[in-house]
$ cat target33.cif   # mmCIF, C-alpha atoms
data_my_file
#
loop_
_atom_site.label_atom_id
_atom_site.label_comp_id
_atom_site.auth_asym_id
_atom_site.auth_seq_id
_atom_site.Cartn_x
_atom_site.Cartn_y
_atom_site.Cartn_z
CA MET A 188 1.37 -33.25 5.41
CA ARG A 189 4.36 -31.00 5.63
CA ARG A 190 3.80 -27.35 4.69
CA ASN A 191 6.31 -25.70 2.40
CA THR A 192 8.46 -22.95 3.85
CA PHE A 193 6.72 -20.04 2.14
CA TRP A 194 3.21 -20.97 3.29
CA SER A 195 4.63 -21.40 6.80
CA PHE A 196 5.93 -17.83 6.63
CA ALA A 197 2.51 -16.59 5.50
CA LEU A 198 0.72 -18.39 8.30
CA ALA A 199 3.20 -17.15 10.88
CA CYS A 200 2.60 -13.56 9.80
CA THR A 201 -1.13 -13.89 10.43
CA ALA A 202 -1.13 -16.05 13.51
CA PHE A 203 -1.99 -13.22 15.88
CA VAL A 204 -5.12 -12.17 13.91
CA PHE A 205 -8.54 -13.35 15.15
CA PRO A 206 -9.96 -16.11 12.93
CA ILE A 207 -12.39 -14.66 10.40
CA GLU A 208 -15.36 -16.57 11.79
CA ASN A 209 -14.74 -15.01 15.22
CA ARG A 210 -14.50 -11.41 14.00
CA SER A 211 -17.42 -9.01 13.75
CA ALA A 212 -18.49 -7.44 10.46
CA ALA A 213 -16.84 -4.18 11.58
CA GLU A 214 -13.58 -5.99 12.22
CA ASN A 215 -13.80 -7.66 8.81
CA ALA A 216 -14.46 -4.34 7.03
CA ILE A 217 -11.91 -3.29 4.44
CA GLY A 218 -10.28 0.13 4.25
CA VAL A 219 -10.47 2.96 6.75
CA ARG A 220 -13.17 3.06 9.40
CA GLY A 221 -14.12 5.48 12.14
CA GLN A 222 -12.56 8.91 12.51
CA ILE A 223 -9.38 9.66 10.61
CA GLY A 224 -7.43 12.87 10.46
CA CYS A 225 -7.48 15.58 13.12
CA ASN A 226 -10.32 17.42 14.83
CA ASP A 227 -11.21 21.11 15.11
CA SER A 228 -8.83 21.73 18.01
CA ALA A 229 -5.78 20.40 16.13
CA LYS A 230 -2.44 22.12 16.48
CA ARG A 231 -1.61 23.65 13.09
CA VAL A 232 2.02 23.53 11.93
CA SER A 233 3.83 23.66 8.61
CA ARG A 234 6.23 20.85 9.56
CA LEU A 235 6.55 18.33 12.38
CA ILE A 236 9.98 16.93 13.32
CA ILE A 237 9.92 14.11 15.88
CA THR A 238 13.20 13.41 17.64
CA LYS A 239 11.95 11.81 20.87
CA PRO A 240 9.86 8.70 21.56
CA GLY A 241 6.23 9.14 22.51
CA VAL A 242 2.71 9.67 21.21
CA TYR A 243 2.06 12.60 18.87
CA GLU A 244 -1.53 13.29 17.89
CA ASN A 245 -4.01 15.81 16.53
CA TYR A 246 -1.68 17.84 14.29
CA LEU A 247 -2.73 19.56 11.09
CA VAL A 248 0.44 19.78 8.99
CA ASP A 249 -0.46 22.25 6.24
CA SER A 250 2.73 22.84 4.30
CA ASP A 251 1.93 25.59 1.79
CA TRP A 252 3.65 23.53 -0.95
CA ALA A 253 7.02 23.18 0.78
CA GLY A 254 9.30 20.22 0.06
CA GLY A 255 11.10 17.63 2.20
CA ASN A 256 9.52 15.21 4.65
CA ARG A 257 6.70 17.22 6.18
CA VAL A 258 6.56 14.88 9.17
CA LYS A 259 10.03 13.53 9.87
CA ILE A 260 10.27 10.73 12.43
CA SER A 261 13.87 10.09 13.45
CA ALA A 262 13.19 8.71 16.96
CA ASP A 263 12.41 5.11 17.86
CA ASN A 264 9.17 4.03 19.58
CA VAL A 265 6.89 6.71 18.16
CA THR A 266 3.12 6.68 17.62
CA LEU A 267 1.62 9.27 15.29
CA ARG A 268 -2.17 9.35 15.27
CA HIS A 269 -5.14 11.44 14.20
CA CYS A 270 -3.14 13.83 12.06
CA GLU A 271 -3.72 15.38 8.65
CA ILE A 272 -0.79 16.17 6.37
CA ARG A 273 -1.48 18.09 3.17
CA ASN A 274 -0.35 20.52 0.48
CA ALA A 275 3.34 19.78 -0.08
CA THR A 276 5.84 19.09 -2.84
CA GLY A 277 7.66 16.64 -0.57
CA ASN A 278 6.70 13.45 1.24
CA GLY A 279 3.92 13.39 3.80
CA ILE A 280 5.76 11.28 6.38
CA GLY A 281 9.38 10.09 6.37
CA VAL A 282 10.07 7.26 8.84
CA PHE A 283 13.69 6.95 9.93
CA GLY A 284 13.19 5.51 13.42
CA LYS A 285 12.34 2.00 14.56
CA ASN A 286 9.10 0.67 16.06
CA VAL A 287 6.85 3.37 14.59
CA VAL A 288 3.04 3.27 14.44
CA ILE A 289 1.08 5.61 12.16
CA GLU A 290 -2.67 5.35 12.63
CA ASN A 291 -5.89 7.20 11.85
CA CYS A 292 -4.10 9.73 9.66
CA LYS A 293 -5.11 11.45 6.43
CA ILE A 294 -2.39 12.34 3.93
CA HIS A 295 -3.19 14.06 0.66
CA HIS A 296 -2.08 16.55 -1.98
CA MET A 297 1.59 15.60 -1.97
CA LEU A 298 2.24 16.95 -5.48
CA ASN A 299 5.67 17.55 -6.95
CA GLY A 300 6.33 18.87 -10.45
CA THR A 301 3.49 19.03 -12.93
CA TYR A 302 1.23 16.47 -14.55
CA GLU A 303 3.37 16.60 -17.70
CA GLN A 304 6.64 16.42 -15.72
CA GLN A 305 5.63 14.67 -12.55
CA ALA A 306 8.20 14.15 -9.78
CA ASP A 307 8.02 11.93 -6.72
CA ALA A 308 6.19 13.02 -3.60
CA HIS A 309 5.10 10.02 -1.53
CA GLY A 310 2.50 9.74 1.16
CA ILE A 311 4.62 7.67 3.57
CA THR A 312 8.18 6.55 2.99
CA GLY A 313 11.28 5.58 4.95
CA GLY A 314 13.03 2.47 6.23
CA TRP A 315 11.86 -1.10 6.91
CA ASN A 316 12.27 -0.71 10.67
CA ASN A 317 9.19 -2.38 12.18
CA VAL A 318 6.63 0.13 10.95
CA THR A 319 2.85 -0.27 11.26
CA ILE A 320 0.50 1.88 9.16
CA ARG A 321 -3.09 1.42 10.31
CA ASN A 322 -6.43 2.97 9.34
CA CYS A 323 -4.95 5.71 7.17
CA GLU A 324 -6.22 7.30 3.97
CA ILE A 325 -3.65 8.46 1.41
CA TYR A 326 -4.61 10.08 -1.89
CA TYR A 327 -3.59 12.64 -4.52
CA VAL A 328 0.16 12.00 -4.38
CA SER A 329 2.47 12.39 -7.37
CA GLY A 330 4.63 9.43 -6.34
CA ASP A 331 3.50 6.35 -4.41
CA ALA A 332 1.01 6.36 -1.57
CA ILE A 333 3.54 4.24 0.39
CA GLN A 334 7.13 3.42 -0.58
CA PHE A 335 9.75 1.53 1.46
CA ASP A 336 12.85 1.94 1.26
CA PRO A 337 13.89 4.51 -1.37
CA ASP A 338 17.49 4.46 -0.10
CA ARG A 339 17.65 0.63 -0.17
CA ARG A 340 19.58 0.55 3.12
CA THR A 341 17.29 -1.07 5.69
CA ASN A 342 15.84 -4.49 6.47
CA GLY A 343 12.81 -5.21 8.59
CA ARG A 344 9.03 -5.36 8.45
CA VAL A 345 6.21 -3.05 7.40
CA VAL A 346 2.57 -3.83 8.23
CA VAL A 347 -0.22 -1.95 6.41
CA GLU A 348 -3.76 -2.66 7.56
CA ASN A 349 -7.21 -1.16 7.02
CA CYS A 350 -5.87 1.59 4.78
CA THR A 351 -7.47 3.24 1.76
CA LEU A 352 -4.92 4.17 -0.91
CA TRP A 353 -6.33 5.86 -3.98
CA THR A 354 -6.06 8.49 -6.66
CA GLY A 355 -8.38 10.18 -9.13
CA PRO A 356 -8.97 13.41 -11.04
CA LEU A 357 -8.19 16.45 -8.91
CA PRO A 358 -11.36 18.35 -7.98
CA ALA A 359 -9.54 21.69 -8.20
CA ASP A 360 -6.15 23.13 -9.16
CA ALA A 361 -3.49 22.14 -6.61
CA GLY A 362 0.17 23.06 -6.60
CA ARG A 363 1.16 23.07 -10.26
CA PHE A 364 -1.43 20.44 -11.16
CA LYS A 365 -4.71 21.37 -12.80
CA LYS A 366 -8.28 20.38 -12.08
CA GLY A 367 -9.12 17.03 -13.67
CA GLN A 368 -5.53 15.78 -13.82
CA ARG A 369 -4.91 12.49 -12.02
CA PRO A 370 -1.53 12.17 -10.25
CA GLY A 371 0.22 9.09 -8.91
CA GLU A 372 2.30 6.00 -9.63
CA ASN A 373 1.54 3.09 -7.27
CA ALA A 374 -0.34 2.47 -4.05
CA PHE A 375 2.68 0.60 -2.66
CA ASP A 376 6.18 0.28 -4.10
CA SER A 377 8.81 -1.96 -2.51
CA LYS A 378 12.51 -1.14 -2.67
CA THR A 379 15.06 -3.12 -0.68
CA PRO A 380 18.77 -3.76 -0.25
CA PRO A 381 19.85 -6.35 -2.82
CA LYS A 382 21.42 -8.60 -0.19
CA GLY A 383 20.79 -9.62 3.38
CA PRO A 384 17.59 -10.83 5.03
CA ARG A 385 14.40 -10.32 3.08
CA CYS A 386 12.24 -7.39 4.03
CA GLN A 387 8.72 -8.37 5.05
CA LEU A 388 5.52 -6.68 3.92
CA ILE A 389 2.19 -7.66 5.45
CA MET A 390 -0.84 -5.92 3.98
CA ARG A 391 -4.34 -6.79 5.12
CA ARG A 392 -7.86 -5.43 4.66
CA CYS A 393 -6.81 -2.51 2.46
CA VAL A 394 -8.58 -1.04 -0.56
CA MET A 395 -6.58 0.34 -3.51
CA TYR A 396 -8.12 2.04 -6.51
CA GLY A 397 -7.59 4.58 -9.25
CA TRP A 398 -4.02 3.69 -10.25
CA SER A 399 -4.87 3.68 -13.95
CA GLN A 400 -4.06 7.07 -15.47
CA PRO A 401 -1.96 7.07 -18.65
CA GLY A 402 1.28 8.93 -19.11
CA GLN A 403 2.72 9.22 -15.60
CA ILE A 404 4.92 6.12 -15.72
CA SER A 405 5.02 3.36 -18.32
CA LEU A 406 3.03 0.89 -16.23
CA LEU A 407 0.95 1.74 -13.17
CA ALA A 408 0.04 -0.77 -10.50
CA ALA A 409 -1.74 -0.76 -7.20
CA LEU A 410 1.01 -2.99 -5.82
CA ASN A 411 4.47 -2.83 -7.40
CA LEU A 412 6.25 -5.60 -5.51
CA LYS A 413 9.86 -6.17 -6.41
CA GLU A 414 13.36 -6.82 -5.12
CA ASN A 415 14.32 -8.66 -1.93
CA VAL A 416 10.93 -8.79 -0.21
CA ASP A 417 8.54 -11.40 1.21
CA ALA A 418 5.01 -10.02 0.86
CA VAL A 419 1.72 -11.37 2.21
CA ILE A 420 -1.36 -9.60 0.84
CA GLU A 421 -4.63 -10.73 2.38
CA GLU A 422 -8.28 -9.68 2.31
CA CYS A 423 -7.62 -6.64 0.10
CA LEU A 424 -9.86 -5.04 -2.53
CA PHE A 425 -8.69 -3.61 -5.86
CA ARG A 426 -10.65 -1.55 -8.38
CA ASP A 427 -9.92 0.66 -11.40
CA ASN A 428 -6.21 -0.11 -11.73
CA GLN A 429 -4.06 -0.61 -14.80
CA VAL A 430 -2.47 -3.54 -12.94
CA CYS A 431 -3.60 -4.76 -9.52
CA PHE A 432 -0.56 -6.90 -8.69
CA ARG A 433 2.68 -6.17 -10.54
CA LEU A 434 5.01 -8.89 -9.26
CA ARG A 435 8.62 -8.84 -10.32
CA GLY A 436 11.09 -11.68 -10.20
CA PRO A 437 14.86 -11.88 -9.83
CA THR A 438 17.01 -9.01 -11.05
CA ARG A 439 20.34 -7.75 -9.74
CA ARG A 440 18.40 -6.48 -6.69
CA GLY A 441 16.58 -9.74 -6.04
CA GLY A 442 12.98 -10.75 -6.69
CA ALA A 443 9.74 -10.63 -4.72
CA HIS A 444 8.18 -13.68 -3.05
CA VAL A 445 4.47 -13.04 -2.77
CA THR A 446 1.46 -14.70 -1.15
CA ILE A 447 -2.01 -13.48 -2.20
CA ASP A 448 -4.74 -14.69 0.14
CA ARG A 449 -8.49 -13.94 -0.19
CA CYS A 450 -8.35 -10.78 -2.29
CA ALA A 451 -10.85 -9.48 -4.86
CA LEU A 452 -10.28 -7.54 -8.07
CA PHE A 453 -12.65 -5.35 -10.11
CA ASP A 454 -12.63 -3.14 -13.23
CA SER A 455 -8.92 -3.34 -14.04
CA ASP A 456 -6.83 -4.05 -17.13
CA VAL A 457 -4.71 -6.78 -15.51
CA GLY A 458 -5.23 -8.70 -12.30
CA VAL A 459 -1.88 -10.41 -11.66
CA ARG A 460 1.17 -9.59 -13.78
CA MET A 461 4.15 -11.93 -13.37
CA GLU A 462 7.54 -10.69 -14.60
CA ASP A 463 11.21 -11.73 -14.72
CA LYS A 464 10.53 -15.44 -14.13
CA LEU A 465 8.90 -14.66 -10.82
CA ARG A 466 9.41 -17.26 -8.10
CA ASN A 467 7.30 -18.56 -5.22
CA LEU A 468 4.00 -16.86 -6.02
CA LYS A 469 1.24 -18.45 -3.92
CA ILE A 470 -2.39 -17.51 -4.60
CA ARG A 471 -5.38 -18.71 -2.59
CA ASP A 472 -9.07 -17.87 -3.08
CA LEU A 473 -8.53 -14.95 -5.46
CA ALA A 474 -11.90 -13.52 -6.51
CA PHE A 475 -12.62 -11.70 -9.77
CA GLY A 476 -15.48 -9.25 -10.20
CA PRO A 477 -16.76 -7.56 -13.36
CA GLY A 478 -14.48 -5.56 -15.60
CA VAL A 479 -11.16 -7.37 -15.19
CA LYS A 480 -9.93 -7.58 -18.78
CA ARG A 481 -7.09 -10.02 -18.17
CA LYS A 482 -6.88 -12.10 -15.03
CA TYR A 483 -3.24 -13.16 -15.36
CA HIS A 484 -0.44 -11.86 -17.53
CA ARG A 485 2.71 -13.94 -17.63
CA VAL A 486 5.42 -11.80 -19.16
CA GLY A 487 7.73 -14.03 -21.16
CA SER A 488 7.63 -17.81 -21.29
CA GLY A 489 8.74 -18.47 -17.74
CA PRO A 490 9.31 -20.77 -16.03
CA PHE A 491 7.75 -19.41 -12.84
CA PRO A 492 9.07 -21.85 -10.22
CA GLY A 493 7.03 -22.35 -7.07
CA TYR A 494 3.81 -20.94 -8.58
CA GLU A 495 0.61 -22.18 -6.93
CA ASN A 496 -2.96 -20.99 -7.50
CA HIS A 497 -5.90 -22.56 -5.64
CA GLY A 498 -9.58 -21.74 -5.21
CA GLU A 499 -10.22 -18.97 -7.76
CA THR A 500 -13.76 -17.62 -7.27
CA THR A 501 -16.24 -15.06 -8.56
CA ALA A 502 -16.35 -11.95 -6.37
CA ASP A 503 -19.45 -10.72 -4.57
CA SER A 504 -20.34 -7.04 -4.99
CA PHE A 505 -17.61 -4.53 -4.27
CA ASP A 506 -19.76 -2.56 -1.82
CA ARG A 507 -20.70 -5.60 0.23
CA LEU A 508 -17.11 -6.80 0.43
CA LEU A 509 -16.00 -3.33 1.47
CA LYS A 510 -18.40 -3.39 4.43
CA GLN A 511 -18.25 -7.03 5.49
CA GLY A 512 -14.88 -8.23 4.27
CA LEU A 513 -13.73 -11.11 2.13
CA GLY A 514 -13.99 -13.65 4.90
CA SER A 515 -17.61 -13.03 5.84
CA LYS A 516 -20.53 -14.90 4.32
CA PRO A 517 -23.47 -13.24 2.55
CA LYS A 518 -26.54 -12.73 4.75
#
$ encode --input "target33.cif" --output "structure tokens"
Amino acid sequence: MRRNTFWSFALACTAFVFPIENRSAAENAIGVRGQIGCNDSAKRVSRLIITKPGVYENYLVDSDWAGGNRVKISADNVTLRHCEIRNATGNGIGVFGKNVVIENCKIHHMLNGTYEQQADAHGITGGWNNVTIRNCEIYYVSGDAIQFDPDRRTNGRVVVENCTLWTGPLPADAGRFKKGQRPGENAFDSKTPPKGPRCQLIMRRCVMYGWSQPGQISLLAALNLKENVDAVIEECLFRDNQVCFRLRGPTRRGGAHVTIDRCALFDSDVGVRMEDKLRNLKIRDLAFGPGVKRKYHRVGSGPFPGYENHGETTADSFDRLLKQGLGSKPK
């Protein structure tokens, strides 16, 4: 039987991953694992500007609430690893080079404005220029944990894997935010050029939670997928979100094409929200745990051409899935 084009794209994106049955429980685990951030001998700076290719590691970028991109990567072929970026009113990392890997990093307290008048400060942002974000934790940001591309000028691919993207009430005053206030907009927000080749997002084995606070923007989502993007989201966990998947169809800037494969949702107002006559949404083996008030919300009467949904299941416990993954079998 001939596969349709969109499923072929999804399979091609995951072809280099070990089959689930051949991976260990540690490899199946969702979210960050092992050591992230820097160690005690880290080099402490207020800003890191990278203009040459190479490996940059073990930096503590403590910004004393300065703005701008606190780590600015303008060179191609850069790896940034085992760093911690914190305490800024700007973005944690701005990626303007090609072929960039960010791994084992911790980014937090990117807080711009106030809770009442919140302004964007993202964890990682930049251009769709073959970027891989791996095993990173991003939290307490007043914008999006990850956003590509705010300037809508680039095309390419972003891979996000084994990351934990979350928000919650601040444990103490920070910047101009107060203890108990919960900042943030989305875990991931896609922005693209309206024309040209589709940008590609591949997100696997990530956990996203806490994107549910009222009053920051009109509708919060873990994933806000829109415009001219092909997105494959696989083996991800969602909990405590206003919307887990906000999927937006054609507008003057294009519409997202999304594949959801083996994900699980818990304790959220809406699981999958389909807007603007969304096209080519493919869902396989989506699992629902307790507390999801509305599994699917179709905004408007449609139609939603190309929509497929196969194998809906009941999710195992959140904690077990976090440790063993969505592909592993209960012991």
$ resolve_selection --input "target33.cif" --expression "the PyMOL selection byres ((chain A and resi 404) around 10)" --output "PyMOL selection string"
chain A and resi 305+330+371-373+400-403+405-408
$ residues_around --input "target33.cif" --residues "Ala409 of chain A" --least-positions-apart "3" --cutoff "6 Å" --atoms "only C-alpha atoms" --output "list in words"
Asn373, Ala374, Trp398 and Cys431 of chain A
$ closest_residue --input "target33.cif" --among "A:Gly279, A:Gly512, A:Pro356, A:Gly224" --to "Asn291 of chain A" --atoms "all atoms listed in the file"
A:Gly224
$ resolve_selection --input "target33.cif" --expression "the PyMOL selection byres ((chain A and resi 465-477) around 6)" --output "ChimeraX atom specification"
/A:435-436,444-453,462-464,478-479,491-502
$ residues_around --input "target33.cif" --residues "Arg439 of chain A" --least-positions-apart "2" --cutoff "8 Å" --atoms "all atoms listed in the file" --output "short mmCIF file (atom, residue, chain, number, x, y, z; two decimals) with C-alpha atoms, in the coordinates of the input"
data_model
loop_
_atom_site.label_atom_id
_atom_site.label_comp_id
_atom_site.auth_asym_id
_atom_site.auth_seq_id
_atom_site.Cartn_x
_atom_site.Cartn_y
_atom_site.Cartn_z
CA PRO A 381 19.85 -6.35 -2.82
CA PRO A 437 14.86 -11.88 -9.83
CA GLY A 441 16.58 -9.74 -6.04
#
$ resolve_selection --input "target33.cif" --expression "the PyMOL selection byres ((chain A and resi 216) around 9)" --output "ChimeraX atom specification"
/A:211-215,217-220,349,392,508-513
$ closest_residue --input "target33.cif" --among "A:Trp315, A:Phe364, A:Phe425, A:Tyr243" --to "Thr379 of chain A" --atoms "only C-alpha atoms"
A:Trp315
$ atom_distance --input "target33.cif" --atom1 "atom CA of Phe283 of chain A" --atom2 "atom CA of Ser261 of chain A"
4.7 Å
$ atom_distance --input "target33.cif" --atom1 "atom CA of Arg257 of chain A" --atom2 "atom CA of Asp376 of chain A"
19.8 Å
$ closest_residue --input "target33.cif" --among "A:Asp307, A:Asp427, A:Glu290, A:Asp227" --to "Gly254 of chain A" --atoms "all atoms listed in the file"
A:Asp307
$ residues_around --input "target33.cif" --residues "Arg363 of chain A" --least-positions-apart "4" --cutoff "8 Å" --atoms "only C-alpha atoms" --output "list of chain:residue names"
A:Leu298, A:Asn299, A:Gly300, A:Thr301, A:Tyr302
$ residues_around --input "target33.cif" --residues "Val248 of chain A" --least-positions-apart "6" --cutoff "8 Å" --atoms "all atoms listed in the file" --output "MDAnalysis selection string"
chainID A and resid 231:235 257:258 270:273
$ write_last_selection --input "target33.cif" --atoms "C-alpha atoms" --output "CSV table (one decimal), in the coordinates of the input"
chain,number,residue,atom,x,y,z
A,231,ARG,CA,-1.6,23.6,13.1
A,232,VAL,CA,2.0,23.5,11.9
A,233,SER,CA,3.8,23.7,8.6
A,234,ARG,CA,6.2,20.8,9.6
A,235,LEU,CA,6.6,18.3,12.4
A,257,ARG,CA,6.7,17.2,6.2
A,258,VAL,CA,6.6,14.9,9.2
A,270,CYS,CA,-3.1,13.8,12.1
A,271,GLU,CA,-3.7,15.4,8.6
A,272,ILE,CA,-0.8,16.2,6.4
A,273,ARG,CA,-1.5,18.1,3.2
$ residues_near_point --input "target33.cif" --point "(-3.0, -9.5, -12.0)" --cutoff "7 Å" --atoms "all atoms listed in the file" --output "list of chain:residue names"
A:Val430, A:Cys431, A:Phe432, A:Arg433, A:Val457, A:Gly458, A:Val459, A:Arg460, A:Lys482, A:Tyr483, A:His484
$ atom_distance --input "target33.cif" --atom1 "atom CA of Thr351 of chain A" --atom2 "atom CA of Asn322 of chain A"
7.7 Å
$ residues_around --input "target33.cif" --residues "Val288 of chain A" --least-positions-apart "2" --cutoff "10 Å" --atoms "only C-alpha atoms" --output "list in words"
Val242, Asn264, Val265, Thr266, Leu267, Arg268, Val282, Lys285, Asn286, Glu290, Asn317, Val318, Thr319, Ile320, Arg321, Val345 and Val346 of chain A
$ axis_aligned_box --input "target33.cif" --around "segment 442-449 of chain A" --padding-each-side "6 Å" --output "JSON"
{"center_x": 2.2, "center_y": -12.7, "center_z": -3.3, "size_x": 33.5, "size_y": 16.1, "size_z": 18.8}
$ closest_residue --input "target33.cif" --among "A:Arg339, A:Arg485, A:Lys365, A:Arg344" --to "Glu303 of chain A" --atoms "all atoms listed in the file"
A:Lys365
$ closest_residue --input "target33.cif" --among "A:Met395, A:Ser377, A:Cys350, A:Ser329" --to "Gly314 of chain A" --atoms "all atoms listed in the file"
A:Ser377
$ closest_residue --input "target33.cif" --among "A:Lys382, A:Ser504, A:Asn411, A:His296" --to "Asp360 of chain A" --atoms "all atoms listed in the file"
A:His296
